[in-house]
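**Student:** File name final.tsv; file contents TSV, C-alpha atoms; full text below.
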```
chain	number	residue	atom	x	y	z
A	7	MET	CA	73.48	142.32	38.32
A	8	PRO	CA	74.26	142.40	34.60
A	9	LEU	CA	74.84	139.05	32.90
A	10	ILE	CA	77.96	140.40	31.26
A	11	PRO	CA	80.25	141.70	34.02
A	12	GLU	CA	81.11	145.39	33.71
A	13	GLN	CA	84.77	144.71	33.09
A	14	ASP	CA	83.88	142.42	30.16
A	15	GLN	CA	81.45	145.01	28.82
A	16	THR	CA	84.24	147.56	28.60
A	17	GLU	CA	86.48	145.05	26.86
A	18	LEU	CA	83.73	144.02	24.43
A	19	LYS	CA	82.92	147.63	23.58
A	20	ARG	CA	86.54	148.17	22.61
A	21	ARG	CA	86.68	144.91	20.67
A	22	PHE	CA	83.46	145.66	18.74
A	23	LYS	CA	84.62	149.17	17.90
A	24	LYS	CA	87.73	147.71	16.34
A	25	GLU	CA	86.29	144.56	14.74
A	26	LEU	CA	82.80	145.45	13.54
A	27	LYS	CA	82.49	146.81	10.03
A	28	LYS	CA	78.95	146.19	8.77
A	29	ASP	CA	75.81	146.28	10.89
A	30	VAL	CA	74.60	142.98	12.27
A	31	THR	CA	71.04	142.29	13.35
A	32	ILE	CA	70.32	139.85	16.14
A	33	ASN	CA	66.85	138.41	15.66
A	34	LEU	CA	65.78	136.87	18.92
A	35	PHE	CA	62.78	134.57	19.29
A	36	VAL	CA	61.44	133.91	22.77
A	37	SER	CA	58.27	132.76	24.45
A	38	ARG	CA	56.87	135.79	26.22
A	39	GLN	CA	55.23	134.59	29.38
A	40	SER	CA	52.98	136.52	31.67
A	41	PRO	CA	54.40	136.45	35.19
A	42	LEU	CA	50.92	135.48	36.42
A	43	LEU	CA	50.09	132.74	34.00
A	44	THR	CA	52.02	129.86	32.48
A	45	VAL	CA	50.59	128.38	29.33
A	46	PRO	CA	51.39	124.66	29.17
A	47	GLY	CA	53.59	123.85	26.19
A	48	ARG	CA	54.89	127.40	25.97
A	49	GLU	CA	57.39	127.19	28.79
A	50	CYS	CA	60.86	128.39	27.95
A	51	PRO	CA	63.05	128.39	31.06
A	52	THR	CA	66.07	129.92	29.35
A	53	CYS	CA	64.19	132.60	27.37
A	54	PRO	CA	64.31	135.43	29.95
A	55	GLN	CA	68.04	135.02	30.49
A	56	THR	CA	68.75	134.76	26.77
A	57	GLN	CA	66.78	137.93	26.18
A	58	GLU	CA	68.63	139.78	28.94
A	59	LEU	CA	71.97	138.58	27.58
A	60	MET	CA	71.15	139.74	24.04
A	61	GLU	CA	69.90	143.11	25.30
A	62	ASP	CA	73.15	143.60	27.21
A	63	LEU	CA	75.16	142.55	24.17
A	64	ALA	CA	73.34	144.72	21.63
A	65	ALA	CA	73.85	147.75	23.88
A	66	LEU	CA	77.62	147.44	23.48
A	67	SER	CA	77.84	148.63	19.88
A	68	PRO	CA	75.83	150.96	17.64
A	69	LYS	CA	76.40	148.43	14.86
A	70	LEU	CA	74.43	145.73	16.65
A	71	HIS	CA	70.65	145.77	16.37
A	72	LEU	CA	68.29	143.60	18.32
A	73	ASN	CA	64.82	142.55	17.20
A	74	THR	CA	62.88	140.50	19.71
A	75	TYR	CA	59.90	138.43	18.60
A	76	ASP	CA	57.41	136.29	20.43
A	77	PHE	CA	57.53	132.81	18.95
A	78	PHE	CA	53.88	132.08	19.65
A	79	THR	CA	52.24	135.28	18.42
A	80	GLN	CA	54.65	136.70	15.79
A	81	THR	CA	54.23	133.80	13.41
A	82	LYS	CA	55.01	135.77	10.27
A	83	GLU	CA	58.56	136.45	11.46
A	84	ARG	CA	58.85	132.97	12.89
A	85	ASP	CA	58.08	131.45	9.48
A	86	GLU	CA	60.25	133.95	7.64
A	87	TYR	CA	63.28	132.97	9.71
A	88	ALA	CA	62.24	129.30	9.81
A	89	VAL	CA	62.51	129.11	13.58
A	90	GLU	CA	60.99	125.94	15.05
A	91	ARG	CA	61.93	126.27	18.72
A	92	VAL	CA	62.93	128.80	21.39
A	93	PRO	CA	65.05	130.49	22.47
A	94	ALA	CA	66.44	131.10	18.98
A	95	ILE	CA	68.91	133.67	17.70
A	96	VAL	CA	69.20	134.37	13.98
A	97	LEU	CA	72.17	136.50	13.02
A	98	GLU	CA	71.58	138.60	9.94
A	99	SER	CA	73.69	140.95	7.86
A	100	ASP	CA	72.81	142.68	4.62
A	101	GLY	CA	69.24	141.46	4.93
A	102	SER	CA	70.15	137.83	4.71
A	103	PRO	CA	69.80	135.56	7.74
A	104	ARG	CA	72.89	133.42	8.08
A	105	LEU	CA	73.47	131.73	11.37
A	106	ARG	CA	71.00	130.31	13.84
A	107	TYR	CA	71.50	129.44	17.48
A	108	PHE	CA	68.98	127.38	19.42
A	109	GLY	CA	69.22	127.52	23.20
A	110	ILE	CA	70.96	130.00	25.46
A	111	PRO	CA	74.46	130.86	24.21
A	112	ALA	CA	76.20	130.47	27.54
A	113	GLY	CA	79.80	129.68	28.40
A	114	TYR	CA	81.89	128.70	25.43
A	115	GLU	CA	78.94	129.22	23.08
A	116	PHE	CA	78.90	132.90	23.97
A	117	ALA	CA	82.46	133.21	22.70
A	118	THR	CA	81.42	131.45	19.49
A	119	LEU	CA	78.50	133.83	19.08
A	120	LEU	CA	80.80	136.83	19.47
A	121	GLU	CA	83.17	135.46	16.83
A	122	ASP	CA	80.29	134.78	14.46
A	123	ILE	CA	78.99	138.32	14.88
A	124	GLU	CA	82.44	139.68	14.04
A	125	THR	CA	82.85	137.36	11.07
A	126	LEU	CA	79.45	138.36	9.67
A	127	SER	CA	80.27	141.99	10.18
A	128	ARG	CA	83.57	141.66	8.30
A	129	GLU	CA	81.90	139.52	5.62
A	130	VAL	CA	84.98	137.37	5.33
A	131	SER	CA	85.14	133.97	6.97
A	132	PRO	CA	88.37	132.74	8.54
A	133	LEU	CA	88.42	129.82	6.09
A	134	SER	CA	91.27	129.29	3.68
A	135	VAL	CA	91.14	130.79	0.19
A	136	GLU	CA	90.91	127.29	-1.31
A	137	THR	CA	87.97	126.30	0.91
A	138	ARG	CA	86.13	129.51	0.03
A	139	LYS	CA	86.70	128.87	-3.64
A	140	GLN	CA	85.23	125.38	-3.33
A	141	LEU	CA	82.25	126.60	-1.30
A	142	ARG	CA	81.28	129.01	-4.04
A	143	LYS	CA	80.59	125.95	-6.20
A	144	VAL	CA	77.91	124.61	-3.84
A	145	ASN	CA	74.72	124.43	-5.89
A	146	GLN	CA	72.48	122.32	-3.63
A	147	PRO	CA	70.95	123.35	-0.29
A	148	VAL	CA	73.15	122.37	2.64
A	149	HIS	CA	71.92	122.39	6.23
A	150	ILE	CA	74.64	122.02	8.84
A	151	GLN	CA	73.53	121.41	12.44
A	152	VAL	CA	76.07	121.35	15.21
A	153	PHE	CA	74.99	120.00	18.60
A	154	VAL	CA	76.79	121.40	21.61
A	155	THR	CA	76.45	121.54	25.38
A	156	PRO	CA	77.30	124.48	27.63
A	157	THR	CA	80.76	124.28	29.16
B	30	MET	CA	80.72	128.37	5.60
B	31	SER	CA	77.24	129.84	5.44
B	32	ILE	CA	78.87	133.23	4.97
B	33	GLU	CA	80.48	132.05	1.74
B	34	ASN	CA	77.37	130.66	0.08
B	35	LYS	CA	73.70	131.47	0.66
B	36	LEU	CA	72.69	127.87	-0.03
B	37	ILE	CA	74.49	126.84	3.15
B	38	ARG	CA	72.54	127.18	6.40
B	39	ALA	CA	74.25	126.69	9.73
B	40	ASP	CA	72.60	126.01	13.10
B	41	VAL	CA	74.04	125.59	16.55
B	42	VAL	CA	71.76	123.57	18.82
B	43	GLU	CA	72.16	123.38	22.57
B	44	ALA	CA	71.59	119.65	23.07
B	45	GLN	CA	70.48	119.75	26.71
B	46	GLU	CA	67.75	122.29	26.03
B	47	PHE	CA	66.32	120.31	23.14
B	48	PRO	CA	66.58	116.68	24.23
B	49	HIS	CA	64.05	115.50	21.63
B	50	MET	CA	66.34	116.78	18.88
B	51	ALA	CA	69.38	115.27	20.52
B	52	ARG	CA	67.54	111.94	20.62
B	53	MET	CA	66.34	112.28	17.06
B	54	TYR	CA	69.90	112.76	15.82
B	55	ASN	CA	71.34	110.27	18.27
B	56	VAL	CA	73.62	112.77	19.98
B	57	SER	CA	75.67	110.91	22.57
B	58	ALA	CA	78.77	113.10	22.49
B	59	VAL	CA	79.40	116.71	21.51
B	60	PRO	CA	80.19	118.48	19.31
B	61	LYS	CA	78.14	116.43	16.90
B	62	THR	CA	77.57	117.67	13.37
B	63	VAL	CA	74.70	116.63	11.13
B	64	ILE	CA	74.68	117.66	7.48
B	65	ASN	CA	71.36	117.40	5.60
B	66	ASN	CA	70.27	114.55	7.88
B	67	THR	CA	72.53	112.25	5.86
B	68	THR	CA	76.07	112.88	7.03
B	69	GLN	CA	76.98	112.72	10.72
B	70	PHE	CA	80.16	112.87	12.71
B	71	VAL	CA	81.34	113.54	16.25
B	72	GLY	CA	84.15	115.84	17.27
B	73	ASN	CA	86.12	118.57	15.63
B	74	VAL	CA	87.29	117.81	12.11
B	75	PRO	CA	89.91	119.67	10.09
B	76	GLU	CA	88.62	122.28	7.66
B	77	GLN	CA	89.52	120.18	4.61
B	78	GLN	CA	87.55	117.19	5.88
B	79	LEU	CA	84.50	119.29	6.70
B	80	LEU	CA	84.69	120.86	3.27
B	81	GLU	CA	84.71	117.42	1.64
B	82	LYS	CA	81.61	116.41	3.58
B	83	VAL	CA	79.82	119.62	2.62
B	84	MET	CA	80.77	119.26	-1.05
B	85	GLN	CA	79.51	115.67	-1.10
B	86	VAL	CA	75.96	116.84	-0.41
B	87	GLY	CA	76.20	120.39	-1.71
B	88	TYR	CA	77.66	120.00	-5.16
B	89	LYS	CA	76.23	118.26	-8.18
B	90	GLU	CA	77.84	118.32	-11.60
B	91	PRO	CA	75.65	120.35	-13.94
B	92	GLU	CA	76.29	117.69	-16.62
B	93	ALA	CA	74.82	114.97	-14.43
B	94	GLU	CA	71.53	116.85	-14.24
B	95	LYS	CA	71.32	117.31	-17.98
B	96	LYS	CA	71.74	113.61	-18.71
B	97	GLY	CA	68.67	112.03	-20.21
B	98	SER	CA	67.07	115.33	-21.13
```
Could you show the structure in this file as C-alpha coordinates?
**Tutor:**
Amino acid sequence: MPLIPEQDQTELKRRFKKELKKDVTINLFVSRQSPLLTVPGRECPTCPQTQELMEDLAALSPKLHLNTYDFFTQTKERDEYAVERVPAIVLESDGSPRLRYFGIPAGYEFATLLEDIETLSREVSPLSVETRKQLRKVNQPVHIQVFVTPT
Amino acid sequence: MSIENKLIRADVVEAQEFPHMARMYNVSAVPKTVINNTTQFVGNVPEQQLLEKVMQVGYKEPEAEKKGS
(Lines of atoms letter the chains of each structure in order from A and count residues from 1; the text may use other names and numbers.)
(Lines give C-alpha, C1' and ligand atoms only; values in the text may rest on other atoms or scores of the structure.)
Protein backbone atom coordinates (compact mmCIF):
# COMPACT_ATOMS: atom_id res chain seq x y z
CA MET A 1 0.00 0.00 0.00
CA PRO A 2 1.45 3.40 -0.91
CA LEU A 3 2.29 5.72 1.97
CA ILE A 4 0.51 8.57 0.22
CA PRO A 5 -3.06 7.43 -0.48
CA GLU A 6 -4.00 7.46 -4.16
CA GLN A 7 -6.57 10.18 -3.71
CA ASP A 8 -3.94 12.44 -2.11
CA GLN A 9 -1.48 11.62 -4.88
CA THR A 10 -3.92 12.90 -7.47
CA GLU A 11 -4.51 16.06 -5.45
CA LEU A 12 -0.77 16.62 -4.92
CA LYS A 13 -0.02 16.13 -8.62
CA ARG A 14 -2.50 18.87 -9.42
CA ARG A 15 -1.16 21.13 -6.68
CA PHE A 16 2.47 20.68 -7.77
CA LYS A 17 1.61 21.34 -11.40
CA LYS A 18 0.10 24.65 -10.38
CA GLU A 19 2.52 25.70 -7.64
CA LEU A 20 5.96 24.48 -8.70
CA LYS A 21 8.04 26.84 -10.80
CA LYS A 22 11.72 25.93 -10.40
CA ASP A 23 13.09 22.43 -9.96
CA VAL A 24 13.67 21.27 -6.40
CA THR A 25 16.06 18.50 -5.42
CA ILE A 26 15.34 16.34 -2.41
CA ASN A 27 18.61 15.00 -1.04
CA LEU A 28 17.82 12.09 1.20
CA PHE A 29 20.33 10.52 3.59
CA VAL A 30 19.54 7.10 5.02
CA SER A 31 21.32 4.17 6.58
CA ARG A 32 21.13 1.38 4.04
CA GLN A 33 20.83 -1.85 5.94
CA SER A 34 21.18 -5.34 4.61
CA PRO A 35 18.04 -7.32 5.42
CA LEU A 36 20.30 -10.10 6.72
CA LEU A 37 22.65 -8.12 8.87
CA THR A 38 22.24 -5.25 11.30
CA VAL A 39 25.35 -3.28 12.08
CA PRO A 40 25.19 -1.97 15.66
CA GLY A 41 25.15 1.81 15.74
CA ARG A 42 23.82 2.05 12.21
CA GLU A 43 20.20 1.28 12.99
CA CYS A 44 17.71 3.71 11.56
CA PRO A 45 14.17 2.48 12.20
CA THR A 46 12.48 5.29 10.26
CA CYS A 47 14.84 5.27 7.26
CA PRO A 48 12.98 2.73 5.07
CA GLN A 49 9.66 4.52 5.50
CA THR A 50 11.21 7.94 4.93
CA GLN A 51 12.80 6.68 1.74
CA GLU A 52 9.53 5.18 0.51
CA LEU A 53 7.69 8.41 1.31
CA MET A 54 10.23 10.54 -0.58
CA GLU A 55 10.17 8.17 -3.57
CA ASP A 56 6.38 8.41 -3.69
CA LEU A 57 6.56 12.20 -3.37
CA ALA A 58 9.24 12.76 -6.02
CA ALA A 59 7.23 10.68 -8.48
CA LEU A 60 4.39 13.21 -8.34
CA SER A 61 6.11 15.98 -10.31
CA PRO A 62 8.76 16.16 -13.03
CA LYS A 63 10.14 19.19 -11.18
CA LEU A 64 11.04 17.15 -8.12
CA HIS A 65 14.29 15.21 -8.15
CA LEU A 66 15.37 12.72 -5.55
CA ASN A 67 18.96 11.82 -4.70
CA THR A 68 19.35 9.10 -2.11
CA TYR A 69 22.65 8.68 -0.27
CA ASP A 70 23.89 6.21 2.27
CA PHE A 71 25.01 8.12 5.33
CA PHE A 72 27.69 5.61 6.28
CA THR A 73 29.37 5.04 2.91
CA GLN A 74 28.72 8.24 0.90
CA THR A 75 30.72 10.45 3.22
CA LYS A 76 31.63 13.02 0.58
CA GLU A 77 27.99 13.98 0.11
CA ARG A 78 27.32 13.68 3.81
CA ASP A 79 30.04 16.24 4.56
CA GLU A 80 29.03 18.47 1.67
CA TYR A 81 25.49 18.74 3.02
CA ALA A 82 26.69 18.78 6.64
CA VAL A 83 24.36 15.96 7.66
CA GLU A 84 25.13 14.53 11.10
CA ARG A 85 22.26 12.08 11.57
CA VAL A 86 19.66 10.03 9.67
CA PRO A 87 17.13 10.08 8.22
CA ALA A 88 17.88 13.53 6.83
CA ILE A 89 16.30 15.47 3.99
CA VAL A 90 18.08 18.46 2.48
CA LEU A 91 15.95 20.52 0.12
CA GLU A 92 17.93 22.24 -2.58
CA SER A 93 17.12 24.65 -5.38
CA ASP A 94 19.47 26.40 -7.76
CA GLY A 95 22.35 24.34 -6.44
CA SER A 96 22.14 25.73 -2.96
CA PRO A 97 20.97 23.55 -0.07
CA ARG A 98 18.48 25.46 2.03
CA LEU A 99 16.34 23.50 4.39
CA ARG A 100 17.13 20.39 6.36
CA TYR A 101 14.77 17.94 8.01
CA PHE A 102 15.97 15.35 10.50
CA GLY A 103 13.63 12.44 11.20
CA ILE A 104 10.65 11.17 9.24
CA PRO A 105 8.40 14.01 8.05
CA ALA A 106 5.14 12.42 9.13
CA GLY A 107 1.80 13.95 10.02
CA TYR A 108 1.86 17.71 10.27
CA GLU A 109 5.54 17.79 9.30
CA PHE A 110 4.67 16.35 5.92
CA ALA A 111 2.44 19.34 5.26
CA THR A 112 5.29 21.64 6.30
CA LEU A 113 7.65 19.84 3.94
CA LEU A 114 5.21 20.27 1.05
CA GLU A 115 4.90 23.99 1.76
CA ASP A 116 8.68 24.36 1.96
CA ILE A 117 9.12 22.60 -1.38
CA GLU A 118 6.61 24.99 -2.96
CA THR A 119 8.21 28.03 -1.36
CA LEU A 120 11.67 27.01 -2.57
CA SER A 121 10.31 26.38 -6.02
CA ARG A 122 8.69 29.83 -6.17
CA GLU A 123 11.81 31.41 -4.65
CA VAL A 124 9.68 33.83 -2.68
CA SER A 125 9.01 33.26 1.00
CA PRO A 126 5.61 34.10 2.48
CA LEU A 127 7.27 36.64 4.78
CA SER A 128 6.35 40.30 4.71
CA VAL A 129 8.26 42.71 2.49
CA GLU A 130 9.68 44.45 5.57
CA THR A 131 10.94 41.18 7.08
CA ARG A 132 12.59 40.22 3.80
CA LYS A 133 14.26 43.59 3.60
CA GLN A 134 15.68 43.16 7.10
CA LEU A 135 16.84 39.61 6.42
CA ARG A 136 18.92 40.78 3.49
CA LYS A 137 21.03 42.69 6.01
CA VAL A 138 22.04 39.53 7.89
CA ASN A 139 25.83 39.37 7.68
CA GLN A 140 26.63 36.69 10.28
CA PRO A 141 25.89 32.95 10.04
CA VAL A 142 22.55 32.07 11.60
CA HIS A 143 21.53 28.50 12.40
CA ILE A 144 17.87 28.05 13.27
CA GLN A 145 16.82 24.67 14.69
CA VAL A 146 13.19 23.92 15.31
CA PHE A 147 12.31 20.86 17.39
CA VAL A 148 8.99 19.22 16.65
CA THR A 149 7.14 16.00 17.36
CA PRO A 150 4.85 14.14 14.96
CA THR A 151 1.18 14.94 15.43
CA MET B 1 14.02 32.90 6.25
CA SER B 2 16.79 30.75 4.85
CA ILE B 3 15.35 31.41 1.41
CA GLU B 4 15.98 35.13 1.81
CA ASN B 5 19.62 34.93 2.87
CA LYS B 6 22.21 32.22 2.28
CA LEU B 7 23.82 32.87 5.66
CA ILE B 8 20.67 31.58 7.32
CA ARG B 9 20.40 27.81 7.75
CA ALA B 10 17.17 26.22 8.93
CA ASP B 11 16.71 22.73 10.37
CA VAL B 12 13.63 20.88 11.50
CA VAL B 13 14.44 18.16 14.02
CA GLU B 14 12.03 15.43 15.03
CA ALA B 15 12.63 15.42 18.79
CA GLN B 16 11.48 11.87 19.51
CA GLU B 17 13.82 10.35 16.95
CA PHE B 18 16.83 12.22 18.27
CA PRO B 19 16.40 12.19 22.04
CA HIS B 20 20.07 13.04 22.67
CA MET B 21 19.60 16.30 20.77
CA ALA B 22 16.35 17.03 22.55
CA ARG B 23 18.17 16.53 25.85
CA MET B 24 21.13 18.62 24.76
CA TYR B 25 18.84 21.55 23.94
CA ASN B 26 16.56 20.91 26.88
CA VAL B 27 13.46 20.36 24.78
CA SER B 28 10.52 19.83 27.12
CA ALA B 29 7.79 21.26 24.90
CA VAL B 30 7.43 21.70 21.15
CA PRO B 31 7.83 23.56 18.93
CA LYS B 32 11.08 24.71 20.44
CA THR B 33 13.40 26.96 18.46
CA VAL B 34 17.13 27.30 19.04
CA ILE B 35 19.09 29.99 17.23
CA ASN B 36 22.89 29.64 17.14
CA ASN B 37 22.82 27.74 20.44
CA THR B 38 22.35 31.09 22.20
CA THR B 39 18.72 32.07 21.76
CA GLN B 40 15.93 29.68 22.71
CA PHE B 41 12.18 29.89 22.94
CA VAL B 42 9.15 27.62 23.05
CA GLY B 43 6.02 27.97 20.97
CA ASN B 44 5.03 29.88 17.91
CA VAL B 45 6.13 33.50 17.85
CA PRO B 46 4.92 36.26 15.53
CA GLU B 47 7.05 36.96 12.48
CA GLN B 48 8.26 40.30 13.83
CA GLN B 49 9.49 38.73 17.07
CA LEU B 50 11.30 35.93 15.27
CA LEU B 51 12.90 38.48 12.98
CA GLU B 52 14.18 40.44 15.98
CA LYS B 53 15.74 37.32 17.45
CA VAL B 54 17.39 36.43 14.15
CA MET B 55 18.71 39.97 13.66
CA GLN B 56 20.17 39.98 17.18
CA VAL B 57 22.57 37.18 16.26
CA GLY B 58 22.72 37.66 12.51
CA TYR B 59 23.50 41.33 12.10
CA LYS B 60 26.57 43.25 13.16
CA GLU B 61 27.17 46.88 12.31
CA PRO B 62 30.04 47.10 9.86
CA GLU B 63 31.32 50.12 11.85
CA ALA B 64 31.60 48.04 15.02
CA GLU B 65 33.98 45.65 13.30
CA LYS B 66 36.20 48.42 12.02
CA LYS B 67 36.68 49.95 15.46
CA GLY B 68 40.21 49.69 16.74
CA SER B 69 41.68 48.87 13.35
**Student:** Separation of atom CA of B:Glu46 and atom CA of B:Val86, in Å?
**Tutor:**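 Here the two named atoms are 28.2 Å from each other.
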**Student:** Considering all atoms listed in the file, state which residue in the set A:Thr79, A:Val30, A:Arg138, A:Pro111 is at the smallest distance from A:Leu9.
**Tutor:**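 Result for the nearest residue to A:Leu9: A:Pro111.
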**Student:** If we count only C-alpha atoms and set the cut-off at 8 Å, which residues sit around B:Ile64, ignoring sequence neighbours fewer than 2 positions away in its own chain? Please answer as a list in words.
**Tutor:** Val148, His149, Ile150 and Gln151 of chain A; Thr62, Asn66, Thr67, Thr68, Gln69 and Val83 of chain B
**Student:** At a cut-off of 6 Å, which residues of chain A touch chain B? Count only C-alpha atoms and give the answer as a ChimeraX atom specification.
**Tutor:** /A:105-109,142,144-155
**Student:** For atom CA of A:Phe78 and atom CA of A:Pro8, determine how far apart the two atoms are, in Å to one decimal place.
**Tutor:**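 Going from atom CA of A:Phe78 over to atom CA of A:Pro8 covers 27.3 Å.
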**Student:** For atom CA of A:Lys139 and atom CA of A:Tyr87, determine how far apart the two atoms are, in Å to one decimal place.
**Tutor:**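 Separating atom CA of A:Lys139 from atom CA of A:Tyr87 is a distance of 27.3 Å.
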**Student:** Measuring between only C-alpha atoms, which one of A:Leu26, A:Met7, A:Val45, A:Leu120 shows the shortest distance to A:Met60?
**Tutor:**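 Answer, going by the shortest atom-to-atom distance: A:Leu120.
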**Student:** May I ask which of the residues A:Lys28, A:Glu61, A:Pro103, A:Lys143 is the closest one to A:Val130, counting all atoms listed in the file?
**Tutor:** A:Lys28
**Student:** Tell me, as a PyMOL selection string, which residues lie within 10 Å of A:Arg38, counting all atoms listed in the file; anything in the same chain fewer than 5 positions away does not count.
**Tutor:** chain A and resi 44+48-50+53-54+75-79
**Student:** If we count all atoms listed in the file, what is near A:Ser99 at a cut-off of 10 Å, once residues fewer than 2 positions away on the same chain are taken out, given as a PyMOL selection string?
**Tutor:** (chain A and resi 28-32+97+101-105+123+126-129) or (chain B and resi 32)
**Student:** Draw an axis-aligned box over all listed atoms of stretch 61-68 of chain A, pad each side with 8 Å, and write its centre and edge lengths in Å, one decimal, as JSON.
**Tutor:**
```
{"center_x": 73.9, "center_y": 146.8, "center_z": 22.4, "size_x": 23.9, "size_y": 24.4, "size_z": 25.6}
```
**Student:** I'd like the neighbourhood of A:Ala112 as a PyMOL selection string, where a residue qualifies if any of its atoms comes within 8 Å (using all atoms listed in the file), though same-chain residues fewer than 3 positions away should be ignored.
**Tutor:** chain A and resi 115-116+156-157
**Student:** Find the residues around A:Glu25 up to 9 Å (only C-alpha atoms counted), leave out those fewer than 2 positions away in its own chain, and share them as a CSV table (one decimal) with C-alpha atoms, in the coordinates of the input.
**Tutor:**
```
chain,number,residue,atom,x,y,z
A,20,ARG,CA,86.5,148.2,22.6
A,21,ARG,CA,86.7,144.9,20.7
A,22,PHE,CA,83.5,145.7,18.7
A,23,LYS,CA,84.6,149.2,17.9
A,27,LYS,CA,82.5,146.8,10.0
A,124,GLU,CA,82.4,139.7,14.0
A,125,THR,CA,82.8,137.4,11.1
A,127,SER,CA,80.3,142.0,10.2
A,128,ARG,CA,83.6,141.7,8.3
```
**Student:** Please determine, counting all atoms listed in the file, which residue among A:His71, A:Asn33, A:Thr16, A:Asp122 has the shortest atom-to-atom distance to A:Ala94.
**Tutor:**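 Ranking A:His71, A:Asn33, A:Thr16, A:Asp122 by distance to A:Ala94, first place goes to A:Asn33.
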